[in-house]
Every structure is written in structure tokens, then in C-alpha cells.
Amino acid sequence: MNEKDYYAILGVDESATTDEIRKAFQQKARKLHPDVNKAPDAEEKFKEVSEAYAVLSDDEKRRRYDAMRSGVPFSGASYPQGGGYGSAGSYGDPFGWGFPFGGGMGGYRRQQATTRSRSYNPKAGSDVVFELNLSADEARRGVKRGVTYQRYATCDSCHGTGSVHTEHPETCPTCHGTGRITLNLADLLGFGVMEMVCPECEGSGRVVADPCDICGGAGRVLTASEAVIDVPAGSHDGTEVRIPGMGNAGTNGQTSGDFVCRVVVPEEQLTGGQSIGFQLLGFVTPFIVFGAVSGTLASLSVFVTIMVVLGLVGVLKDGVNHGKYWWRNGGRAFMSGLSNGLVFALLTVAMYSCTAGPATRTSSMGVTRG
């Protein structure tokens, strides 16, 4: 989550009036507008000050933003002016919205390390990939290992829904369900309309009506998990062991990804130089074949010789492993180079044919006249 101080971005005090905020925005926006300022970062800065103005120029959005910065909790899509916030200090980030409301300004409640977002945006969880280094002998025999890793787990308080008391999400009160907000700059700058992703729902158009104060509405929390990995006998570099459902939990009640343990056997891997060497040998192979078939190998001899020598040096300098899985990885690198070399070799043959054809015809005509 991004953490933004919009008052600092516009260069105004927190007690600034609406007129002062508008004037500050006008001054910065005129200098940063992409039509005027051609600096590489001008457009990004223009968007930043526009987003700051979109929040601070709207009384309701500004009240929400100020409440978040002060650590006052918020429960619900709207609240009465002058009160109704509940007990102050129950958790540090009352919104946990994404940019521009900036998550995490007040820390995490109960030291929960989690991404907080009031937006209702159900997405399936991703896999967690864990690399386990084993010797060739361990991989051959198979092993059991216990590991500890970090992942997003389903929130126990709201059971992954994002809300403890409300079953269904509601339409975002900021964008009214469109997922975007529009800032009319015509009155301020004389031209332009700025459209941006709604900061409250993060573009989904829906928000959690009563966000869980543990996960902030996301339905998941960052936690440490443990798993016992049973690597089967006969494993090799690249073998994967998958534990369903032990990856990252999805947001707002969606399914979890898997925990994927990827076996790494250094003895079976190519070094960087060996990988490049096999690729060079693969790359030059089509040139050798086409050169031999077309009778142009002699003209390619310098190029072919250099590529073959460099390839062999790369393969041999770190020692050759005679295990079949080392050769398998070498073969994969060779085929990668071969596919690239095939394209370049075909282009070279086509160019040679185009240039050689007219030259041959010219020579033939000259002989006839003689």
C-alpha cells in the first residue's frame, strides 16, 4: 500500500482552507501538466497532485482522510459530521484503503502484518513457491523436511469474507459503483478532465460495508505457516511437490493457492557459463547446416569457428557433469539457442539469395556478350 501525505504534496497546512488548497493545486498543476512540462516524471507528478486535490477538495473525502491519519476508527460507508466514530485508537488504520488513502499510517492492530483494503475485490489466491536445496544423494533417496514460510491465510475473525457482521458488499459511496472518479480541471486550469481509479474501492465499484478490524476487509492476514514436505525418492532438479490449499488465501472468501516446493539440486544444474555455452552451440548449428547445404559454409567459417570455440569453452570450463539430468538441462539450453539461431539463419539465407541472384544474372549476361 502506498502512504501519501496529500498536504505535503500540495504544500499546504492541514488547516488549509478550500481556497488555499485550490490555489496550491492550480500553481502546481500548471507547472506539471504534460502539455507544458516535458520532464520524464512530470506526468506522474501531475497525477499525484491531481489525486491529492481530488481528496482534499471534497469535504467528505477529506474528513475520511483526516480521520485515517489521526488513527480514528471508521465503521461503515458514511458517518455523521462531528462524531459517531466510536472509541479512538482501537486500531491504527481505520480505512486500510489503497492509494490515495494510504494503508498502514497508524500501524497494525494486534501486530497483524497484512495488506488492508476496504475494497471488495474477490480474487483467487496465488501459489507460494518454495525452493528446497538438496544434494543429489538426498534427492535420489527422498527426504522429509519441515519448513516455515510466510503466506496470506484466511482471517479467522471474519472467516475470509472481510466483514464480521454484514454478508454482502455495498456500492462504493465515492464512485457510486463505477470504479473511477473524474476531476474536472476546466474551472481550475481552463482545460482538461482527469479520470482516475477510485481510491476507496480500488476500481471494483464495491466496498465491504463493515470491514473486519483484524484484516481490514481483505479477508486474509499475513502469517507464518509450517509445512512438512515429503520429497519422493528418485527426485531431481526441478521436481515439484505440491500441497493443495496451503498457498496464499484469496481475498474476500475466494479459494487459496497451493504451496509448491521446487527441488533444487545444484550438482544437476548448469553454471551460467555452461548455459551460455550450450546456447551458443545451439545458435550456430543452423548456420552450419544451411552453409553446408547451400555451399556457403566457407564464407561463414570465421563466424562459425568463433561461435563454436566460445560455446565449447563455456561448456567445458566449469567441468562436465556426466549425469543425465545435467545433460538434460544442457539439451534444453541447446534447444533454446537452436530456435533463435534458426530464425537468424533463415534470414541470412534469404538475404544472401536476394543479393546473390542479381549478381549471378549480371555475370551470366556478361559472359554471353563476350
# chains A, B, ... in the order shown; residues from 1 in each chain; ligands from 1
>>> residues_around(residues="Ala8 (chain A)", least_positions_apart="5", cutoff="12 Å", atoms="only C-alpha atoms", output="compact mmCIF listing (two decimals) with N, CA and C atoms, in the first residue's frame")
# COMPACT_ATOMS: atom_id res chain seq x y z
N GLU A 3 1.70 5.11 0.88
CA GLU A 3 1.45 6.00 2.00
C GLU A 3 1.74 7.42 1.54
N ASP A 13 -0.85 23.54 4.71
CA ASP A 13 -1.02 23.06 6.08
C ASP A 13 -2.28 22.21 6.18
N GLU A 14 -2.35 21.43 7.26
CA GLU A 14 -3.53 20.60 7.47
C GLU A 14 -4.76 21.44 7.77
N ALA A 16 -5.46 24.16 6.09
CA ALA A 16 -5.68 24.99 4.90
C ALA A 16 -7.15 25.00 4.51
N ILE A 21 -6.24 25.32 -0.81
CA ILE A 21 -5.96 24.04 -1.46
C ILE A 21 -6.12 24.17 -2.96
N ALA A 24 -3.16 26.21 -4.40
CA ALA A 24 -1.93 25.42 -4.39
C ALA A 24 -1.93 24.40 -5.52
N PHE A 25 -3.08 23.78 -5.74
CA PHE A 25 -3.20 22.82 -6.82
C PHE A 25 -3.02 23.49 -8.18
N GLU A 48 -0.23 12.80 -9.33
CA GLU A 48 -0.15 12.78 -7.87
C GLU A 48 -0.83 13.99 -7.25
N VAL A 49 -0.54 15.19 -7.78
CA VAL A 49 -1.17 16.39 -7.22
C VAL A 49 -2.66 16.40 -7.54
N ALA A 52 -4.25 14.18 -5.01
CA ALA A 52 -4.28 14.87 -3.72
C ALA A 52 -5.40 15.89 -3.69
N TYR A 53 -5.56 16.63 -4.77
CA TYR A 53 -6.63 17.63 -4.83
C TYR A 53 -8.00 16.97 -4.82
N LEU A 56 -8.60 16.19 -1.05
CA LEU A 56 -8.66 17.30 -0.11
C LEU A 56 -9.68 18.36 -0.49
>>> residues_around(residues="Arg141 (chain A)", least_positions_apart="4", cutoff="9 Å", atoms="only C-alpha atoms", output="list in words")
Ala136, Asp137, Val231, Pro232, Ala233, Gly234 and Ser235 of chain A
>>> closest_residue(among="A:Leu297, A:Val129, A:Ala54, A:Ala42", to="Tyr7 (chain A)", atoms="only C-alpha atoms")
A:Ala54
>>> closest_residue(among="A:Asp58, A:Asp237, A:Asp5, A:Glu202", to="Arg140 (chain A)", atoms="only C-alpha atoms")
A:Asp237
>>> residues_around(residues="Phe287 (chain A)", least_positions_apart="6", cutoff="9 Å", atoms="only C-alpha atoms", output="PyMOL selection string")
chain A and resi 297+300+304+341-342+344-346+348-349
>>> residues_around(residues="region 177-179 of chain A", least_positions_apart="3", cutoff="8 Å", atoms="only C-alpha atoms", output="ChimeraX atom specification")
/A:171-173,197-198,201-206
>>> write_last_selection(atoms="C-alpha atoms", output="PDB file, in the first residue's frame")
ATOM      1  CA  THR A 171     -21.880   0.046  -3.753  1.00  0.00           C
ATOM      2  CA  CYS A 172     -18.884   2.298  -3.266  1.00  0.00           C
ATOM      3  CA  PRO A 173     -20.123   5.674  -1.950  1.00  0.00           C
ATOM      4  CA  VAL A 197      -9.233   4.822 -10.302  1.00  0.00           C
ATOM      5  CA  CYS A 198     -11.460   5.295  -7.277  1.00  0.00           C
ATOM      6  CA  CYS A 201     -12.912   0.663  -3.891  1.00  0.00           C
ATOM      7  CA  GLU A 202      -9.689   0.465  -5.945  1.00  0.00           C
ATOM      8  CA  GLY A 203     -11.699   0.202  -9.140  1.00  0.00           C
ATOM      9  CA  SER A 204     -14.041  -2.650  -8.189  1.00  0.00           C
ATOM     10  CA  GLY A 205     -17.077  -0.405  -7.595  1.00  0.00           C
ATOM     11  CA  ARG A 206     -17.909  -2.232  -4.374  1.00  0.00           C
TER      12      ARG A 206
END
>>> residues_around(residues="region 156-166 of chain A", least_positions_apart="4", cutoff="8 Å", atoms="only C-alpha atoms", output="ChimeraX atom specification")
/A:208-212,214-220,251-254
>>> write_last_selection(atoms="N, CA, C and O atoms", output="JSON list (two decimals), in the first residue's frame")
[["chain", "number", "residue", "atom", "x", "y", "z"],
["A", 208, "VAL", "N", -16.51, -3.29, 1.21],
["A", 208, "VAL", "CA", -17.00, -4.07, 2.35],
["A", 208, "VAL", "C", -17.74, -3.12, 3.27],
["A", 208, "VAL", "O", -17.18, -2.11, 3.72],
["A", 209, "ALA", "N", -18.98, -3.42, 3.56],
["A", 209, "ALA", "CA", -19.82, -2.48, 4.32],
["A", 209, "ALA", "C", -19.35, -2.31, 5.76],
["A", 209, "ALA", "O", -19.38, -1.22, 6.31],
["A", 210, "ASP", "N", -18.90, -3.41, 6.37],
["A", 210, "ASP", "CA", -18.49, -3.37, 7.77],
["A", 210, "ASP", "C", -17.15, -4.09, 7.89],
["A", 210, "ASP", "O", -17.09, -5.25, 8.26],
["A", 211, "PRO", "N", -16.03, -3.41, 7.55],
["A", 211, "PRO", "CA", -14.74, -4.09, 7.47],
["A", 211, "PRO", "C", -14.32, -4.73, 8.78],
["A", 211, "PRO", "O", -14.43, -4.13, 9.85],
["A", 212, "CYS", "N", -13.84, -5.95, 8.69],
["A", 212, "CYS", "CA", -13.28, -6.65, 9.84],
["A", 212, "CYS", "C", -12.07, -5.88, 10.37],
["A", 212, "CYS", "O", -11.20, -5.48, 9.59],
["A", 214, "ILE", "N", -9.63, -6.96, 12.01],
["A", 214, "ILE", "CA", -8.39, -7.75, 12.02],
["A", 214, "ILE", "C", -7.73, -7.71, 10.65],
["A", 214, "ILE", "O", -6.54, -7.45, 10.53],
["A", 215, "CYS", "N", -8.49, -7.96, 9.60],
["A", 215, "CYS", "CA", -7.93, -7.99, 8.25],
["A", 215, "CYS", "C", -8.21, -6.73, 7.46],
["A", 215, "CYS", "O", -7.73, -6.58, 6.33],
["A", 216, "GLY", "N", -9.00, -5.81, 8.01],
["A", 216, "GLY", "CA", -9.28, -4.56, 7.33],
["A", 216, "GLY", "C", -10.21, -4.68, 6.15],
["A", 216, "GLY", "O", -10.35, -3.76, 5.37],
["A", 217, "GLY", "N", -10.85, -5.84, 5.97],
["A", 217, "GLY", "CA", -11.78, -6.02, 4.87],
["A", 217, "GLY", "C", -11.27, -6.93, 3.77],
["A", 217, "GLY", "O", -12.01, -7.30, 2.87],
["A", 218, "ALA", "N", -9.99, -7.29, 3.81],
["A", 218, "ALA", "CA", -9.42, -8.12, 2.75],
["A", 218, "ALA", "C", -9.79, -9.59, 2.90],
["A", 218, "ALA", "O", -9.76, -10.34, 1.93],
["A", 219, "GLY", "N", -10.10, -10.00, 4.11],
["A", 219, "GLY", "CA", -10.44, -11.40, 4.34],
["A", 219, "GLY", "C", -9.25, -12.31, 4.56],
["A", 219, "GLY", "O", -9.41, -13.53, 4.66],
["A", 220, "ARG", "N", -8.06, -11.74, 4.63],
["A", 220, "ARG", "CA", -6.86, -12.55, 4.84],
["A", 220, "ARG", "C", -5.81, -11.73, 5.58],
["A", 220, "ARG", "O", -5.80, -10.51, 5.53],
["A", 251, "THR", "N", -8.74, -13.24, -1.66],
["A", 251, "THR", "CA", -9.38, -12.11, -1.00],
["A", 251, "THR", "C", -10.89, -12.31, -0.98],
["A", 251, "THR", "O", -11.46, -12.91, -1.89],
["A", 252, "ASN", "N", -11.51, -11.81, 0.08],
["A", 252, "ASN", "CA", -12.97, -11.83, 0.24],
["A", 252, "ASN", "C", -13.58, -13.19, -0.03],
["A", 252, "ASN", "O", -14.57, -13.34, -0.77],
["A", 253, "GLY", "N", -12.97, -14.22, 0.57],
["A", 253, "GLY", "CA", -13.57, -15.56, 0.56],
["A", 253, "GLY", "C", -13.25, -16.43, -0.62],
["A", 253, "GLY", "O", -13.80, -17.53, -0.73],
["A", 254, "GLN", "N", -12.36, -16.00, -1.50],
["A", 254, "GLN", "CA", -12.03, -16.83, -2.66],
["A", 254, "GLN", "C", -11.05, -17.94, -2.29],
["A", 254, "GLN", "O", -10.47, -17.95, -1.21]]
